[in-house]
Every structure is written in structure tokens, then in C-alpha cells.
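Participant: Pasting run_2.txt below, which is compact mmCIF, C-alpha atoms (C1' of nucleotides).
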# COMPACT_ATOMS: atom_id res chain seq x y z
CA MET X 1 113.33 6.84 -39.91
CA PRO X 2 112.68 10.47 -40.47
CA GLU X 3 116.14 11.92 -40.81
CA LEU X 4 117.26 15.29 -42.17
CA PRO X 5 115.84 14.84 -45.71
CA GLU X 6 112.40 13.73 -44.53
CA VAL X 7 112.18 16.58 -42.01
CA GLU X 8 113.32 19.05 -44.67
CA VAL X 9 110.61 17.86 -47.09
CA LEU X 10 108.05 18.34 -44.34
CA ARG X 11 109.43 21.79 -43.57
CA ARG X 12 109.05 22.84 -47.20
CA ASP X 13 105.51 21.49 -47.28
CA LEU X 14 104.69 23.43 -44.12
CA GLU X 15 106.17 26.58 -45.63
CA VAL X 16 103.84 26.30 -48.62
CA GLU X 17 100.70 25.08 -46.88
CA VAL X 18 100.70 26.26 -43.28
CA VAL X 19 102.84 29.36 -42.83
CA GLY X 20 100.47 32.29 -42.37
CA ALA X 21 97.73 30.15 -40.86
CA GLN X 22 96.31 30.85 -37.45
CA VAL X 23 95.81 28.30 -34.71
CA VAL X 24 92.35 28.22 -33.19
CA SER X 25 92.82 25.46 -30.66
CA VAL X 26 94.90 22.41 -29.85
CA VAL X 27 93.83 19.06 -28.44
CA VAL X 28 96.49 16.78 -26.97
CA THR X 29 95.35 13.24 -26.23
CA GLY X 30 98.67 11.35 -26.21
CA ALA X 31 99.95 10.79 -22.68
CA ARG X 32 103.61 11.13 -23.70
CA THR X 33 103.30 13.51 -26.63
CA VAL X 34 103.95 16.69 -24.65
CA ARG X 35 106.44 15.78 -21.94
CA ARG X 36 108.91 18.64 -21.67
CA GLN X 37 106.23 20.91 -20.29
CA ASP X 38 102.68 20.85 -18.98
CA PRO X 39 100.46 20.03 -22.01
CA GLY X 40 98.12 22.80 -20.85
CA GLU X 41 100.95 25.29 -21.21
CA LEU X 42 101.55 24.21 -24.81
CA VAL X 43 97.84 24.50 -25.59
CA THR X 44 97.67 27.98 -24.08
CA ARG X 45 100.73 29.25 -25.89
CA LEU X 46 99.53 27.88 -29.25
CA ALA X 47 95.88 28.89 -29.12
CA GLY X 48 95.31 32.02 -31.17
CA ALA X 49 98.89 32.16 -32.43
CA ARG X 50 99.79 32.62 -36.07
CA LEU X 51 102.35 30.22 -37.55
CA THR X 52 104.79 32.62 -39.19
CA ALA X 53 107.74 30.54 -40.35
CA ALA X 54 108.80 26.93 -40.84
CA GLY X 55 112.36 26.07 -39.86
CA ARG X 56 114.45 23.04 -39.08
CA ALA X 57 117.34 22.26 -36.77
CA GLY X 58 118.76 18.82 -37.48
CA LYS X 59 115.75 16.52 -37.18
CA TYR X 60 113.67 19.07 -35.26
CA LEU X 61 110.90 20.97 -37.02
CA LEU X 62 110.45 24.54 -35.83
CA MET X 63 107.37 26.68 -36.36
CA ALA X 64 107.67 30.29 -35.29
CA LEU X 65 104.65 31.71 -33.47
CA ASP X 66 103.56 35.30 -34.22
CA GLY X 67 107.07 36.03 -35.43
CA GLY X 68 108.05 36.10 -31.78
CA PRO X 69 110.54 34.03 -29.84
CA ASP X 70 107.99 31.33 -29.04
CA THR X 71 108.47 28.34 -31.33
CA LEU X 72 106.46 25.16 -31.76
CA VAL X 73 109.02 22.35 -31.86
CA VAL X 74 108.16 18.94 -33.32
CA HIS X 75 110.38 15.86 -33.26
CA LEU X 76 109.06 12.80 -35.12
CA ARG X 77 111.59 10.39 -33.61
CA MET X 78 110.86 6.91 -35.02
CA SER X 79 107.30 6.82 -36.23
CA GLY X 80 105.88 10.34 -36.00
CA GLN X 81 103.89 11.88 -38.82
CA LEU X 82 102.58 15.40 -39.28
CA ILE X 83 99.59 15.41 -41.61
CA LEU X 84 97.47 18.30 -42.86
CA THR X 85 93.88 17.32 -43.67
CA ALA X 86 90.30 18.45 -43.91
CA PRO X 87 88.52 18.00 -40.59
CA ASP X 88 86.14 15.37 -41.98
CA ALA X 89 88.95 13.05 -43.08
CA PRO X 90 88.99 9.86 -41.00
CA ARG X 91 91.28 10.30 -38.03
CA PRO X 92 93.99 7.62 -38.09
CA ALA X 93 94.78 5.49 -35.08
CA HIS X 94 97.54 6.89 -32.86
CA THR X 95 96.56 10.51 -33.49
CA HIS X 96 98.00 12.08 -30.35
CA ALA X 97 97.53 15.78 -31.02
CA VAL X 98 95.40 17.90 -33.34
CA ILE X 99 96.09 21.55 -34.13
CA HIS X 100 92.91 23.18 -35.44
CA LEU X 101 93.56 26.00 -37.92
CA ALA X 102 91.29 29.00 -38.49
CA ASP X 103 90.40 27.93 -42.03
CA GLY X 104 89.11 24.59 -40.71
CA ARG X 105 92.03 22.40 -41.65
CA GLU X 106 93.68 20.17 -39.07
CA LEU X 107 97.36 19.58 -38.51
CA ARG X 108 97.54 16.13 -36.95
CA PHE X 109 100.41 14.53 -35.07
CA VAL X 110 100.23 10.75 -35.53
CA ASP X 111 102.78 8.49 -33.86
CA PRO X 112 102.28 4.73 -33.20
CA ARG X 113 105.47 4.23 -31.21
CA THR X 114 104.97 7.39 -29.15
CA PHE X 115 108.62 8.44 -29.13
CA GLY X 116 107.84 11.67 -30.93
CA GLU X 117 107.11 14.88 -29.08
CA LEU X 118 105.86 18.44 -29.30
CA PHE X 119 106.78 21.40 -27.18
CA VAL X 120 106.74 25.19 -27.27
CA SER X 121 109.99 26.83 -26.37
CA ARG X 122 112.09 29.95 -26.80
CA GLU X 123 115.31 27.99 -26.56
CA PRO X 124 117.10 25.94 -29.22
CA PRO X 125 115.83 22.36 -29.05
CA GLY X 126 119.09 20.75 -27.99
CA PRO X 127 122.86 20.84 -28.29
CA LEU X 128 123.14 20.25 -32.03
CA GLY X 129 126.17 20.14 -34.28
CA ALA X 130 126.47 21.71 -37.72
CA ASP X 131 123.79 21.10 -40.34
CA PRO X 132 125.40 19.27 -43.28
CA SER X 133 122.80 20.65 -45.71
CA ASP X 134 123.92 24.19 -44.91
CA PRO X 135 125.91 25.53 -47.91
CA SER X 136 128.44 26.99 -45.49
CA TRP X 137 129.28 23.51 -44.13
CA ARG X 138 132.79 22.70 -45.38
CA PRO X 139 135.22 19.78 -45.38
CA THR X 140 137.25 21.56 -42.73
CA ASP X 141 134.17 21.50 -40.47
CA LEU X 142 133.95 17.73 -40.86
CA ALA X 143 137.69 17.46 -40.27
CA GLY X 144 137.18 19.23 -36.94
CA VAL X 145 134.48 16.73 -35.96
CA VAL X 146 136.54 13.61 -36.64
CA ALA X 147 139.92 14.90 -35.49
CA GLY X 148 141.44 12.89 -32.67
CA ARG X 149 138.31 10.76 -32.11
CA GLN X 150 138.47 7.06 -31.36
CA ALA X 151 134.75 6.53 -31.85
CA ARG X 152 133.67 4.53 -34.86
CA LEU X 153 132.95 6.71 -37.84
CA LYS X 154 129.27 5.84 -38.10
CA ALA X 155 128.62 6.44 -34.41
CA LEU X 156 130.16 9.89 -34.78
CA LEU X 157 128.15 10.72 -37.90
CA MET X 158 124.96 9.84 -36.03
CA ASP X 159 125.89 11.85 -32.92
CA GLN X 160 123.56 14.85 -33.22
CA ARG X 161 125.84 16.97 -31.05
CA ARG X 162 128.60 16.66 -33.64
CA LEU X 163 126.56 16.69 -36.85
CA ALA X 164 122.82 17.25 -36.90
CA GLY X 165 120.54 15.27 -39.18
CA LEU X 166 122.08 11.92 -40.11
CA GLY X 167 120.48 8.69 -38.87
CA ASN X 168 120.94 5.04 -39.69
CA ILE X 169 119.89 5.15 -43.34
CA TYR X 170 121.81 8.18 -44.55
CA SER X 171 124.97 7.43 -42.60
CA ASP X 172 125.13 4.00 -44.29
CA GLU X 173 124.42 5.56 -47.68
CA ALA X 174 126.98 8.33 -47.23
CA LEU X 175 129.66 5.90 -46.02
CA PHE X 176 129.07 3.72 -49.08
CA ALA X 177 129.26 6.72 -51.39
CA ALA X 178 132.53 7.71 -49.72
CA GLY X 179 133.96 4.15 -49.84
CA LEU X 180 134.55 4.12 -46.09
CA ARG X 181 133.84 1.44 -43.51
CA PHE X 182 131.45 2.29 -40.66
CA ASP X 183 133.85 0.99 -38.02
CA ARG X 184 136.90 3.03 -38.93
CA PRO X 185 138.11 5.05 -35.96
CA ALA X 186 136.94 8.52 -36.94
CA GLY X 187 140.32 10.07 -36.25
CA SER X 188 142.06 7.70 -38.67
CA LEU X 189 140.65 9.44 -41.73
CA GLY X 190 143.11 11.27 -43.93
CA ARG X 191 142.39 14.66 -45.43
CA ARG X 192 141.32 13.21 -48.77
CA GLU X 193 139.01 10.74 -47.06
CA VAL X 194 137.42 13.54 -45.07
CA ALA X 195 136.86 15.51 -48.27
CA ARG X 196 135.32 12.45 -49.91
CA LEU X 197 133.02 11.86 -46.97
CA HIS X 198 131.98 15.49 -46.91
CA GLY X 199 131.00 15.36 -50.57
CA ALA X 200 129.22 12.05 -50.07
CA ILE X 201 127.13 13.39 -47.18
CA VAL X 202 126.15 16.55 -49.06
CA GLU X 203 125.20 14.67 -52.22
CA THR X 204 123.39 11.86 -50.41
CA LEU X 205 121.19 14.28 -48.46
CA ALA X 206 120.46 16.45 -51.50
CA ALA X 207 119.41 13.45 -53.59
CA ALA X 208 117.14 12.23 -50.80
CA VAL X 209 115.41 15.63 -50.57
CA THR X 210 114.97 15.65 -54.36
CA HIS X 211 113.18 12.29 -54.09
CA ARG X 212 111.09 13.55 -51.17
CA GLY X 213 112.65 11.29 -48.58
CA SER X 214 112.73 7.55 -47.89
CA THR X 215 109.63 5.55 -47.00
CA LEU X 216 110.53 2.03 -45.93
CA GLY X 217 108.42 -1.10 -46.20
CA ASP X 218 106.85 -0.56 -42.81
CA GLY X 219 105.27 2.67 -43.98
CA GLY X 220 106.67 5.12 -41.44
CA TYR X 221 107.47 8.36 -43.16
CA VAL X 222 104.98 10.35 -45.21
CA ASP X 223 104.91 14.01 -46.21
CA LEU X 224 102.47 16.66 -45.01
CA HIS X 225 99.82 15.33 -47.39
CA GLY X 226 100.33 11.71 -46.31
CA ARG X 227 102.27 10.68 -49.41
CA PRO X 228 105.35 8.45 -49.27
CA GLY X 229 108.76 9.46 -50.59
CA ALA X 230 110.66 7.72 -53.39
CA HIS X 231 114.28 7.77 -52.28
CA GLN X 232 114.12 4.18 -50.97
CA ASP X 233 114.29 3.15 -54.64
CA HIS X 234 117.66 4.92 -54.86
CA HIS X 235 119.31 3.41 -51.78
CA ARG X 236 122.63 1.85 -52.75
CA VAL X 237 123.32 -0.29 -49.66
CA TYR X 238 120.63 0.29 -47.06
CA ALA X 239 118.37 -2.79 -46.67
CA ARG X 240 120.15 -4.46 -49.64
CA GLU X 241 121.65 -7.32 -47.63
CA GLY X 242 122.47 -10.35 -49.82
CA ARG X 243 122.01 -8.44 -53.07
CA PRO X 244 124.84 -7.45 -55.40
CA CYS X 245 126.73 -4.24 -54.74
CA LEU X 246 125.69 -1.70 -57.37
CA ARG X 247 129.31 -0.68 -57.79
CA CYS X 248 131.31 -3.94 -57.81
CA GLY X 249 128.72 -6.73 -57.93
CA ARG X 250 129.89 -8.47 -54.75
CA THR X 251 127.39 -9.16 -51.99
CA VAL X 252 126.15 -6.42 -49.66
CA VAL X 253 126.34 -7.54 -46.04
CA ARG X 254 124.58 -6.56 -42.86
CA LEU X 255 126.48 -6.14 -39.61
CA ARG X 256 125.58 -4.82 -36.20
CA LEU X 257 126.70 -1.62 -34.57
CA GLY X 258 125.30 -1.75 -31.09
CA ASN X 259 121.80 -3.06 -31.63
CA ARG X 260 121.39 -1.42 -35.04
CA SER X 261 121.74 -2.80 -38.53
CA THR X 262 124.57 -1.53 -40.69
CA PHE X 263 124.69 -2.30 -44.40
CA LEU X 264 127.88 -2.12 -46.41
CA CYS X 265 129.92 -3.53 -49.27
CA PRO X 266 133.09 -4.97 -47.69
CA THR X 267 134.87 -4.69 -51.04
CA CYS X 268 134.07 -1.08 -51.86
CA GLN X 269 134.29 0.27 -48.32
CA SER X 270 137.53 0.37 -46.39
C1' DA B 1 135.34 13.54 -20.81
C1' DC B 2 134.54 9.90 -23.86
C1' DG B 3 132.49 5.98 -26.00
C1' DC B 4 129.01 2.72 -25.93
C1' DC B 5 124.91 0.22 -24.37
C1' DC B 6 120.14 -0.19 -22.91
C1' DG B 7 115.35 1.02 -22.57
C1' DC B 8 111.62 3.36 -24.19
C1' DC B 9 107.28 1.78 -27.67
C1' DT B 10 104.08 -0.84 -31.04
C1' DG B 11 103.13 -2.72 -35.65
C1' DT B 12 104.82 -5.97 -38.82
C1' DA B 13 106.81 -10.09 -40.29
C1' DA B 14 109.36 -14.10 -39.83
C1' DG B 15 109.81 -18.47 -37.37
C1' DC B 16 108.21 -22.57 -34.83
C1' DT Z 1 96.86 -21.83 -38.22
C1' DG Z 2 98.17 -19.49 -34.13
C1' DC Z 3 101.40 -18.18 -31.04
C1' DT Z 4 106.05 -16.32 -29.98
C1' DT Z 5 109.98 -13.81 -31.11
C1' DA Z 6 112.78 -10.54 -33.55
C1' DC Z 7 113.13 -6.26 -35.56
C1' DA Z 8 112.65 -1.40 -36.85
C1' DG Z 9 115.57 2.91 -34.61
C1' DG Z 10 116.30 8.38 -32.35
C1' DC Z 11 117.78 9.70 -28.34
C1' DG Z 12 118.35 10.34 -23.16
C1' DG Z 13 120.35 8.33 -19.34
C1' DG Z 14 123.69 5.81 -17.27
C1' DC Z 15 127.67 2.91 -17.05
C1' DG Z 16 132.71 1.69 -17.27
Would you give me this structure, written as C-alpha cells?
Facilitator:
Amino acid sequence: MPELPEVEVLRRDLEVEVVGAQVVSVVVTGARTVRRQDPGELVTRLAGARLTAAGRAGKYLLMALDGGPDTLVVHLRMSGQLILTAPDAPRPAHTHAVIHLADGRELRFVDPRTFGELFVSREPPGPLGADPSDPSWRPTDLAGVVAGRQARLKALLMDQRRLAGLGNIYSDEALFAAGLRFDRPAGSLGRREVARLHGAIVETLAAAVTHRGSTLGDGGYVDLHGRPGAHQDHHRVYAREGRPCLRCGRTVVRLRLGNRSTFLCPTCQS
DNA sequence: ACGCCCGCCTGTAAGC
DNA sequence: TGCTTACAGGCGGGCG
């Protein structure tokens, strides 16, 4: 659910609200929340640190500690939320970690499905491909990713090692905007199709950030203040199965790629 | 190496 | 009405 746009909205919120704040203490209660290291090590490295910058790498949130190499890394995975509140606000169920700030506010990590994680590291979070929201990301970069690949286009777009930040929603939306089918062999794209897809990805992500991300029916994503986004009202194919295509009027269909839903217009996408 | 599938989780909603 | 089942999906691991 949280993909690049949702994580970017959260990063911007953190930049405004949290950068400059000092951590007093951290309480980790979730059994799986800190799993790349001893939770005690994370608590020790965070306690007393100042949060000096808010960054993002693909879907990872990065908070620099004391300007140094240590970085607090947060991945929301499916259902994670990072919420900044007053300490007397009711603590929601599935609150797995609380970062207490010096001014009394709490930064809470809430995650019903427990796939999300926190860790403190000096290393990059994982082997990530280029960030498609980076202004220096060009059509030739995308051409290099798809060249010679047999994998289906959508699978490649969602492979974080090739391109960092797209998930199920925005890959479907970008493929619709580009007029391309999800199951095209990636390497079969011509130069003009690659250019179209590049533009579609850039514009799709930018629009989603403008609308502060997508919050689906099940609630999932909210910003740092607990508010939902509005981009779900601008989806053009995602979760629109059985409804008319907004471009041609024919019916949007839902297919399966692996165990995941894929939405497309068979007329507009080829 | 490459491509693809499963399992990890739990809340919600549809189906019987 | 109450129970069961399907579904949501990012990503690591493992398979062919």
C-alpha cells in the first residue's frame, strides 16, 4: 500500500514536524518490529540522538541521527503507519514502537500486519534501483532496465532492485497511462514505448504526491498526522474492475499476476 | 543468473 | 445470524 508517493508525503511531513527534534527514549513492544538487529541496540543508538534530516530511498524512510552516519530506517511494508501525536492521545491497537521526543510528542509506529520494520544502520537499506522521482532519471535509464529482459513488464517495474518505489497500485496506473499491457515482455518495448512509459511513471507519481497519496477502502495509509490521502479518487484503473474505462468507455478488467490483482483496460493497453 | 512463486500477517468483507 | 473463506500486498527466500 504505501508506495513511493505515500512514503514521500510522510518524508515531507517529517521534515516539517520532526527534523531538529531530540529523542529521549524508545519503547519497542512489537516482537517482529525490530528484527535486523537486537531491539536493545536500536534503543541505545536512538536514545538521546537528534533527528537531523528526513530522507527516502525507494519505499524506505531514512532519518539521519546527529548528522552522523547512523540512520533510523523505517519500512512500512503493507500496513505500517508512522504517526506523530501528543502523549495523551489514545494509543491505537497494534502500536509496536514509540519514540518519545524531548518536547513530549510521540512518534508512534503502528502496524496491524506486522510486516513493517525499524532498524538503525550506517548502510544503505538494500540493493535499490534508480528512484523514478529523481529529476535526473531519464528515459535512457528506463531503457537500460527493460533491455533484453523476458520478465513481464509489471514484474520488472515492481522489482525494487531495478526501479525503487513502484508497487501494485502505481505500476497499474503508470501502465494504463502509457497504454501498455502488464504482461508484455519488458524487452519487447520499442524506444517510443519506453519514452511513453517513462513519462507516465513520472507523471503518475507526481500527481499522487500532489494528492498526498492513496488511501484505500481498508484504511491503510495515513500521513504523519493520521490523515488519509486523496489520490484514490484519481485512480484511472486501479480497483475499477467492471467500471467503464475513463479513456474509451469499455470495461476495466481484473487479472492476476502471480497472486496479485492487476487492473487494466484491454482496449487501451497493448 | 533469471524469472516466478510462496509464505509471512491480520482486519475486513463477501459468501454460504 | 454466524461461521468460513478470500483478499489485501511488499519483499525475502527458495525453486526450477
Participant: Of the candidates X:Arg122, X:His234, X:Arg184, X:His198, which one gets nearest to Ala143 (chain X) if we count all atoms listed in the file?
Facilitator: X:His198
Participant: Which residues, written as an MDAnalysis selection string, have at least one atom at most 8 Å from Gln22 (chain X), with all atoms listed in the file counted and residues fewer than 3 positions away on the same chain left out?
Facilitator: chainID X and resid 48:51 101:102
Participant: Quick one: everything within 9 Å of Asp233 (chain X), counting all atoms listed in the file, minus sequence neighbours fewer than 3 positions away in the same chain. Send it as a list in words.
Facilitator: Ser214, Ala230 and Arg236 of chain X
Participant: Using only C-alpha atoms, please write the residues we just selected to a file, as a compact mmCIF listing (two decimals), in the coordinates of the input.
Facilitator:
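Heads up, here's the output in result.txt:
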# COMPACT_ATOMS: atom_id res chain seq x y z
CA SER X 214 112.73 7.55 -47.89
CA ALA X 230 110.66 7.72 -53.39
CA ARG X 236 122.63 1.85 -52.75
Participant: Could you list the residues in chain B lying within 8 Å of chain X, using only C-alpha atoms (C1' of nucleotides), and format the result as a ChimeraX atom specification?
Facilitator: /B:3-5,8-12
Participant: Using only C-alpha atoms (C1' of nucleotides), which chain X residues lie at most 8 Å away from chain Z, written as a list in words?
Facilitator: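 Every residue meeting the condition is included here: Met1, Arg77, Met78, Gly167, Asn168 and Arg260 of chain X.
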Participant: Using only C-alpha atoms (C1' of nucleotides), which residues sit within 12 Å of Leu61 (chain X) once same-chain residues fewer than 2 positions away are excluded, as a ChimeraX atom specification?
Facilitator: /X:2-15,53-59,63-64,71-77,80-82,116-120,124-125,165
Participant: Would you save the residues from that selection as an mmCIF file, in the coordinates of the input, using C-alpha atoms?
Facilitator:
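result-v5.cif, written as the output of this step:
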data_model
loop_
_atom_site.group_PDB
_atom_site.id
_atom_site.type_symbol
_atom_site.label_atom_id
_atom_site.label_comp_id
_atom_site.auth_asym_id
_atom_site.auth_seq_id
_atom_site.Cartn_x
_atom_site.Cartn_y
_atom_site.Cartn_z
ATOM 1 C CA PRO X 2 112.680 10.470 -40.470
ATOM 2 C CA GLU X 3 116.140 11.920 -40.810
ATOM 3 C CA LEU X 4 117.260 15.290 -42.170
ATOM 4 C CA PRO X 5 115.840 14.840 -45.710
ATOM 5 C CA GLU X 6 112.400 13.730 -44.530
ATOM 6 C CA VAL X 7 112.180 16.580 -42.010
ATOM 7 C CA GLU X 8 113.320 19.050 -44.670
ATOM 8 C CA VAL X 9 110.610 17.860 -47.090
ATOM 9 C CA LEU X 10 108.050 18.340 -44.340
ATOM 10 C CA ARG X 11 109.430 21.790 -43.570
ATOM 11 C CA ARG X 12 109.050 22.840 -47.200
ATOM 12 C CA ASP X 13 105.510 21.490 -47.280
ATOM 13 C CA LEU X 14 104.690 23.430 -44.120
ATOM 14 C CA GLU X 15 106.170 26.580 -45.630
ATOM 15 C CA ALA X 53 107.740 30.540 -40.350
ATOM 16 C CA ALA X 54 108.800 26.930 -40.840
ATOM 17 C CA GLY X 55 112.360 26.070 -39.860
ATOM 18 C CA ARG X 56 114.450 23.040 -39.080
ATOM 19 C CA ALA X 57 117.340 22.260 -36.770
ATOM 20 C CA GLY X 58 118.760 18.820 -37.480
ATOM 21 C CA LYS X 59 115.750 16.520 -37.180
ATOM 22 C CA MET X 63 107.370 26.680 -36.360
ATOM 23 C CA ALA X 64 107.670 30.290 -35.290
ATOM 24 C CA THR X 71 108.470 28.340 -31.330
ATOM 25 C CA LEU X 72 106.460 25.160 -31.760
ATOM 26 C CA VAL X 73 109.020 22.350 -31.860
ATOM 27 C CA VAL X 74 108.160 18.940 -33.320
ATOM 28 C CA HIS X 75 110.380 15.860 -33.260
ATOM 29 C CA LEU X 76 109.060 12.800 -35.120
ATOM 30 C CA ARG X 77 111.590 10.390 -33.610
ATOM 31 C CA GLY X 80 105.880 10.340 -36.000
ATOM 32 C CA GLN X 81 103.890 11.880 -38.820
ATOM 33 C CA LEU X 82 102.580 15.400 -39.280
ATOM 34 C CA GLY X 116 107.840 11.670 -30.930
ATOM 35 C CA GLU X 117 107.110 14.880 -29.080
ATOM 36 C CA LEU X 118 105.860 18.440 -29.300
ATOM 37 C CA PHE X 119 106.780 21.400 -27.180
ATOM 38 C CA VAL X 120 106.740 25.190 -27.270
ATOM 39 C CA PRO X 124 117.100 25.940 -29.220
ATOM 40 C CA PRO X 125 115.830 22.360 -29.050
ATOM 41 C CA GLY X 165 120.540 15.270 -39.180
#
Participant: Please identify all polymer residues lying at most 12 Å from the point (136.2, 9.5, -34.7) (file coordinates), using all atoms listed in the file, and present the result as a ChimeraX atom specification.
Facilitator: /X:142-159,162,182-190,194 /B:2-3
Participant: What's the separation between CA of Phe176 (chain X) and CA of Pro266 (chain X), in Å to one decimal place?
Facilitator: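 Calculated distance between CA of Phe176 (chain X) and CA of Pro266 (chain X) is 9.7 Å.
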Participant: Do you have the CA of Ala178 (chain X)-CA of Glu193 (chain X) distance handy?
Facilitator: 7.6 Å
Participant: To one decimal in Å, tell me the separation between CA of Gly40 (chain X) and CA of Leu62 (chain X).
Facilitator: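 Straight-line distance from CA of Gly40 (chain X) to CA of Leu62 (chain X) works out to 19.5 Å.
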Participant: Missing atoms in region 152-167 of chain X: can you complete it with N, CA and C atoms, as a short mmCIF file (atom, residue, chain, number, x, y, z; two decimals), keeping the file's coordinate frame?
Facilitator:
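The new file rebuild.cif reads:
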data_model
loop_
_atom_site.label_atom_id
_atom_site.label_comp_id
_atom_site.auth_asym_id
_atom_site.auth_seq_id
_atom_site.Cartn_x
_atom_site.Cartn_y
_atom_site.Cartn_z
N ARG X 152 133.85 5.02 -33.51
CA ARG X 152 133.67 4.53 -34.86
C ARG X 152 132.96 5.59 -35.71
N LEU X 153 133.39 5.65 -36.94
CA LEU X 153 132.95 6.71 -37.84
C LEU X 153 131.43 6.86 -37.87
N LYS X 154 130.73 5.74 -37.99
CA LYS X 154 129.27 5.84 -38.10
C LYS X 154 128.64 6.39 -36.82
N ALA X 155 129.16 5.94 -35.68
CA ALA X 155 128.62 6.44 -34.41
C ALA X 155 128.78 7.96 -34.33
N LEU X 156 129.91 8.45 -34.82
CA LEU X 156 130.16 9.89 -34.78
C LEU X 156 129.23 10.64 -35.73
N LEU X 157 129.03 10.07 -36.93
CA LEU X 157 128.15 10.72 -37.90
C LEU X 157 126.73 10.82 -37.37
N MET X 158 126.33 9.86 -36.55
CA MET X 158 124.96 9.84 -36.03
C MET X 158 124.82 10.60 -34.71
N ASP X 159 125.93 11.10 -34.17
CA ASP X 159 125.89 11.85 -32.92
C ASP X 159 125.42 13.27 -33.23
N GLN X 160 124.19 13.58 -32.84
CA GLN X 160 123.56 14.85 -33.22
C GLN X 160 124.28 16.06 -32.65
N ARG X 161 125.08 15.85 -31.62
CA ARG X 161 125.84 16.97 -31.05
C ARG X 161 127.03 17.35 -31.91
N ARG X 162 127.44 16.41 -32.77
CA ARG X 162 128.60 16.66 -33.64
C ARG X 162 128.15 17.11 -35.02
N LEU X 163 127.08 16.44 -35.50
CA LEU X 163 126.56 16.69 -36.85
C LEU X 163 125.07 16.43 -36.73
N ALA X 164 124.25 17.37 -37.16
CA ALA X 164 122.82 17.25 -36.90
C ALA X 164 122.05 16.84 -38.15
N GLY X 165 121.45 15.65 -38.12
CA GLY X 165 120.54 15.27 -39.18
C GLY X 165 120.70 13.87 -39.73
N LEU X 166 121.89 13.27 -39.56
CA LEU X 166 122.08 11.92 -40.11
C LEU X 166 121.57 10.87 -39.13
N GLY X 167 120.88 9.85 -39.65
CA GLY X 167 120.48 8.69 -38.87
C GLY X 167 121.03 7.44 -39.51
#
